[in-house]
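Structure file start13.txt; described as compact mmCIF, C-alpha atoms.
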```txt
# COMPACT_ATOMS: atom_id res chain seq x y z
CA MET I 5 102.66 95.55 67.01
CA VAL I 6 102.46 98.82 68.92
CA ILE I 7 99.56 99.59 71.26
CA ASN I 8 99.06 103.09 72.64
CA PRO I 9 97.28 103.04 76.05
CA PRO I 10 95.17 106.19 75.39
CA GLU I 11 93.57 104.40 72.45
CA LEU I 12 92.25 101.55 74.62
CA GLY I 13 88.80 101.46 76.17
CA ALA I 14 88.54 100.66 79.87
CA LEU I 15 87.73 96.98 79.34
CA GLU I 16 90.41 96.58 76.68
CA ALA I 17 93.00 98.16 78.96
CA TYR I 18 91.98 95.87 81.83
CA LYS I 19 92.11 92.69 79.76
CA LEU I 20 95.46 93.54 78.19
CA ALA I 21 97.15 94.45 81.47
CA THR I 22 95.79 91.53 83.48
CA SER I 23 96.83 89.03 80.80
CA LEU I 24 100.31 90.57 80.60
CA ILE I 25 101.19 91.16 84.26
CA VAL I 26 101.20 87.53 85.39
CA PRO I 27 101.21 85.62 87.62
CA ARG I 28 99.83 87.85 90.36
CA PRO I 29 99.58 86.75 94.01
CA ILE I 30 96.13 87.22 95.52
CA ALA I 31 95.53 89.35 98.59
CA TRP I 32 92.42 88.05 100.36
CA VAL I 33 91.61 91.23 102.25
CA GLY I 34 89.64 91.31 105.47
CA SER I 35 88.22 94.62 106.68
CA ARG I 36 85.46 95.96 108.92
CA SER I 37 83.09 98.84 108.21
CA LYS I 38 82.52 101.69 110.64
CA SER I 39 79.13 100.09 111.38
CA GLY I 40 80.76 96.74 112.22
CA VAL I 41 80.10 94.70 109.07
CA ASP I 42 83.00 92.36 108.23
CA ASN I 43 84.17 92.21 104.62
CA LEU I 44 86.36 89.75 102.74
CA ALA I 45 87.40 90.25 99.11
CA PRO I 46 90.30 89.20 96.84
CA PHE I 47 92.59 91.57 94.94
CA SER I 48 95.38 90.49 92.60
CA PHE I 49 97.10 93.83 92.11
CA PHE I 50 99.12 93.08 95.24
CA MET I 51 102.81 93.32 96.03
CA GLY I 52 105.45 93.56 98.70
CA VAL I 53 106.83 97.07 99.22
CA SER I 54 109.40 96.82 101.99
CA THR I 55 110.76 94.46 104.65
CA GLN I 56 112.05 97.21 106.98
CA PRO I 57 109.37 98.01 108.01
CA PRO I 58 107.42 95.10 106.50
CA SER I 59 104.90 96.69 104.14
CA ILE I 60 102.58 95.57 101.35
CA ALA I 61 100.44 97.36 98.77
CA ILE I 62 97.10 96.54 97.18
CA SER I 63 95.17 98.33 94.45
CA VAL I 64 91.39 98.45 94.83
CA ALA I 65 89.70 99.49 91.60
CA ARG I 66 86.50 101.48 91.74
CA GLY I 67 83.25 99.64 91.04
CA ARG I 68 80.45 100.44 88.66
CA GLY I 69 79.73 104.10 88.28
CA GLY I 70 83.05 104.95 89.90
CA ALA I 71 81.88 104.01 93.40
CA LEU I 72 84.43 102.92 95.98
CA LYS I 73 84.34 99.21 96.73
CA ASP I 74 83.56 98.16 100.29
CA THR I 75 87.17 97.18 100.95
CA ALA I 76 88.48 100.64 100.05
CA VAL I 77 85.70 102.37 101.99
CA ASN I 78 86.49 100.32 105.09
CA ILE I 79 90.27 100.70 104.96
CA LEU I 80 90.12 104.44 104.29
CA ALA I 81 87.68 104.84 107.20
CA THR I 82 89.44 102.65 109.78
CA GLY I 83 93.04 102.29 108.59
CA HIS I 84 92.96 98.59 109.47
CA PHE I 85 92.92 95.44 107.34
CA THR I 86 94.28 91.92 106.99
CA VAL I 87 95.81 90.24 103.97
CA SER I 88 95.75 86.46 103.65
CA LEU I 89 97.42 84.40 100.96
CA VAL I 90 95.02 82.09 99.11
CA SER I 91 95.87 78.38 99.12
CA PHE I 92 94.48 76.11 96.40
CA SER I 93 92.13 74.49 98.93
CA HIS I 94 90.43 77.88 99.40
CA LEU I 95 89.95 78.61 95.68
CA ASP I 96 86.17 78.20 95.58
CA ALA I 97 85.58 80.27 98.71
CA MET I 98 87.86 83.02 97.42
CA VAL I 99 86.11 83.18 94.03
CA THR I 100 82.66 83.29 95.67
CA SER I 101 83.79 86.06 98.03
CA SER I 102 84.62 88.17 94.96
CA LEU I 103 80.94 88.46 93.98
CA PRO I 104 79.32 91.92 94.41
CA TRP I 105 77.76 91.37 97.83
CA PRO I 106 75.83 94.35 99.30
CA PRO I 107 77.71 96.50 101.87
CA ASP I 108 75.51 95.24 104.71
CA VAL I 109 76.33 91.58 103.95
CA SER I 110 79.45 89.96 105.36
CA GLU I 111 81.22 87.68 102.89
CA PHE I 112 82.40 85.62 105.86
CA GLU I 113 78.79 84.79 106.67
CA ALA I 114 77.46 84.63 103.10
CA VAL I 115 80.19 82.23 101.93
CA GLU I 116 80.42 80.46 105.31
CA ILE I 117 84.08 81.27 105.84
CA PRO I 118 85.03 80.99 109.54
CA ALA I 119 86.49 84.28 110.78
CA VAL I 120 88.76 85.17 113.66
CA ALA I 121 89.59 88.61 115.01
CA ALA I 122 93.05 90.03 114.34
CA ASP I 123 95.33 90.75 117.30
CA THR I 124 96.67 94.21 116.47
CA VAL I 125 94.07 95.69 114.10
CA LEU I 126 90.28 95.95 114.10
CA ALA I 127 89.69 93.64 111.17
CA PRO I 128 88.86 89.94 110.68
CA ARG I 129 90.85 87.24 108.96
CA PRO I 130 89.87 83.81 107.58
CA ALA I 131 90.47 81.33 110.39
CA GLU I 132 91.62 78.62 107.96
CA ALA I 133 94.09 80.77 106.00
CA LEU I 134 97.61 79.35 106.26
CA ALA I 135 99.31 82.76 106.13
CA THR I 136 97.93 86.18 107.09
CA MET I 137 99.35 89.66 107.65
CA GLU I 138 97.70 92.22 109.92
CA CYS I 139 98.14 95.69 108.41
CA ARG I 140 97.75 99.36 109.25
CA LEU I 141 97.26 101.86 106.44
CA VAL I 142 100.26 104.17 106.10
CA HIS I 143 99.78 105.61 102.59
CA GLN I 144 96.88 105.94 100.18
CA HIS I 145 96.83 107.38 96.69
CA ASP I 146 93.64 108.01 94.71
CA MET I 147 94.56 107.32 91.09
CA GLY I 148 91.08 108.05 89.78
CA SER I 149 90.03 104.58 88.65
CA THR I 150 91.69 102.84 91.58
CA HIS I 151 93.04 103.39 95.08
CA LEU I 152 96.60 102.35 95.90
CA LEU I 153 96.74 101.38 99.57
CA VAL I 154 100.00 100.71 101.42
CA GLY I 155 99.88 98.93 104.74
CA GLU I 156 102.57 98.28 107.33
CA VAL I 157 102.48 94.72 108.65
CA SER I 158 102.00 94.69 112.41
CA ARG I 159 101.74 90.91 112.83
CA TYR I 160 102.11 87.68 110.85
CA HIS I 161 100.00 84.57 111.40
CA PHE I 162 101.16 81.22 110.02
CA ASP I 163 99.94 77.69 110.29
CA PRO I 164 103.00 76.00 111.88
CA ALA I 165 103.25 73.57 108.95
CA VAL I 166 103.90 76.46 106.56
CA ILE I 167 107.17 77.53 108.20
CA ARG I 168 110.47 75.74 107.65
CA ILE I 169 114.06 76.60 108.54
CA ASP I 170 116.42 77.27 105.63
CA GLU I 171 120.10 76.35 105.37
CA LYS I 172 121.11 79.53 107.23
CA GLY I 173 118.68 79.01 110.09
CA HIS I 174 116.09 81.53 108.96
CA ARG I 175 112.35 80.99 109.06
CA VAL I 176 110.89 80.91 105.56
CA VAL I 177 107.59 79.84 103.99
CA ASP I 178 107.31 76.32 102.59
CA LEU I 179 105.53 76.91 99.28
CA GLY I 180 104.69 73.24 98.94
CA VAL I 181 102.58 73.45 102.10
CA LEU I 182 101.14 76.92 101.46
CA ASP I 183 100.19 75.87 97.90
CA PRO I 184 99.35 79.45 96.87
CA ILE I 185 97.35 80.25 93.78
CA ALA I 186 97.98 83.21 91.50
CA ARG I 187 95.72 85.14 89.15
CA LEU I 188 96.22 85.20 85.41
CA GLY I 189 93.95 86.84 82.83
CA GLY I 190 90.16 86.48 82.91
CA ALA I 191 89.01 83.59 85.08
CA ASP I 192 92.34 81.76 84.84
CA TYR I 193 94.54 80.94 87.83
CA CYS I 194 97.69 78.92 88.38
CA ARG I 195 99.59 77.07 91.09
CA ILE I 196 103.34 76.92 91.71
CA GLY I 197 104.81 74.57 89.09
CA GLU I 198 108.47 73.96 88.36
CA VAL I 199 110.76 75.72 90.85
CA PHE I 200 114.40 76.39 89.93
CA SER I 201 117.27 78.45 91.30
CA ALA I 202 119.51 80.89 89.47
CA LYS I 203 122.40 82.68 91.16
CA ALA I 204 124.46 85.45 89.61
CA GLN I 205 128.09 84.60 88.99
CA LYS I 206 130.90 87.17 89.00
```

Structure re-expressed in structure tokens:
Amino acid sequence: MVINPPELGALEAYKLATSLIVPRPIAWVGSRSKSGVDNLAPFSFFMGVSTQPPSIAISVARGRGGALKDTAVNILATGHFTVSLVSFSHLDAMVTSSLPWPPDVSEFEAVEIPAVAADTVLAPRPAEALATMECRLVHQHDMGSTHLLVGEVSRYHFDPAVIRIDEKGHRVVDLGVLDPIARLGGADYCRIGEVFSAKAQK
């Protein structure tokens, strides 16, 4: 079967891509409006970009009628945001925070998610998140239906239990403790299942 993207409607294109590009880590993005309203919303078009300097990217699709979502409005206005990884224990709160809350309503308050101020950026983060990155916007690209936002990580926050030391003495994340969830198609999610190693041999 061959499918030509220009022949797909917007919803068809969305459903096909989000069921194909899986699993996707979830960026639980904290931001603050110019008027001081805190925002928290999840986005699964999220990836690492670089480790030197540490940088991540998120895509924030436009809402109904082509309007910018609150997260994009806030980040473009302030240049500051946080990205937290979503553990399984925070699934319900994350899903509820994705609802279309009005711009003058803070998802932290509406969903009763305790917030704490970031150290290096003017944005909040979920106090109970096990891993969070504080970010400053360094690149933005308006792709029409979505905004691609690249942020440089200025600080990491980890629950101490999440960090372990590997065989070479480096600090790494213990996935068993973090227990991250990932987005699939539609309303489906997954957790880390079987983990295996594969090393190239010369």

Determine, counting all atoms listed in the file, which protein, DNA and RNA residues have an atom within 6 Å of an atom of Ser63 in chain I; residues of the same chain fewer than 6 positions away are not included. Present the result as number ranges by chain. I: 49, 151-152

File of the preceding selection, C-alpha atoms, as a compact mmCIF listing (two decimals), keeping the file's coordinate frame:
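Saved as out.txt:
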```
# COMPACT_ATOMS: atom_id res chain seq x y z
CA PHE I 49 97.10 93.83 92.11
CA HIS I 151 93.04 103.39 95.08
CA LEU I 152 96.60 102.35 95.90
```

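Across the model, the gap from CA of Ser93 in chain I to CA of Leu182 in chain I is 9.7 Å.
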
Just want the 8 Å neighbourhood of range 107-119 of chain I, counted on all atoms listed in the file, with same-chain residues fewer than 5 positions away dropped. Output as a PyMOL selection string. chain I and resi 41-45+74+97+100-101+128-132

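Checking I:Pro9, I:Pro104, I:Gly155, I:Gly148 one by one against Gly70 in chain I, counting only C-alpha atoms, you find the shortest gap at I:Gly148.
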
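The closest residue to Met137 in chain I, picked from I:Gly13, I:Gly40, I:Pro58, I:Pro46 and counting all atoms listed in the file, is I:Pro58.
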
Write out as a PyMOL selection string which residues come within 12 Å of Cys139 in chain I when counting all atoms listed in the file, dropping same-chain ones fewer than 2 positions away. chain I and resi 31+33-35+57-62+79+82-88+122-129+136-137+141-143+153-161

What gap, in Å, lies between CA of Asn78 in chain I and CA of Arg36 in chain I? 5.9 Å

Test item: residues at most 10 Å from range 167-176 of chain I, only C-alpha atoms, excluding those fewer than 5 positions along its chain, as number ranges by chain: I: 134-135, 162, 181-182

Export, as a tab-separated table (two decimals), keeping the file's coordinate frame, the selected residues with C-alpha atoms.
```
chain	number	residue	atom	x	y	z
I	134	LEU	CA	97.61	79.35	106.26
I	135	ALA	CA	99.31	82.76	106.13
I	162	PHE	CA	101.16	81.22	110.02
I	181	VAL	CA	102.58	73.45	102.10
I	182	LEU	CA	101.14	76.92	101.46
```

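Relative to CA of Asp192 in chain I, CA of Pro29 in chain I is found at 12.7 Å.
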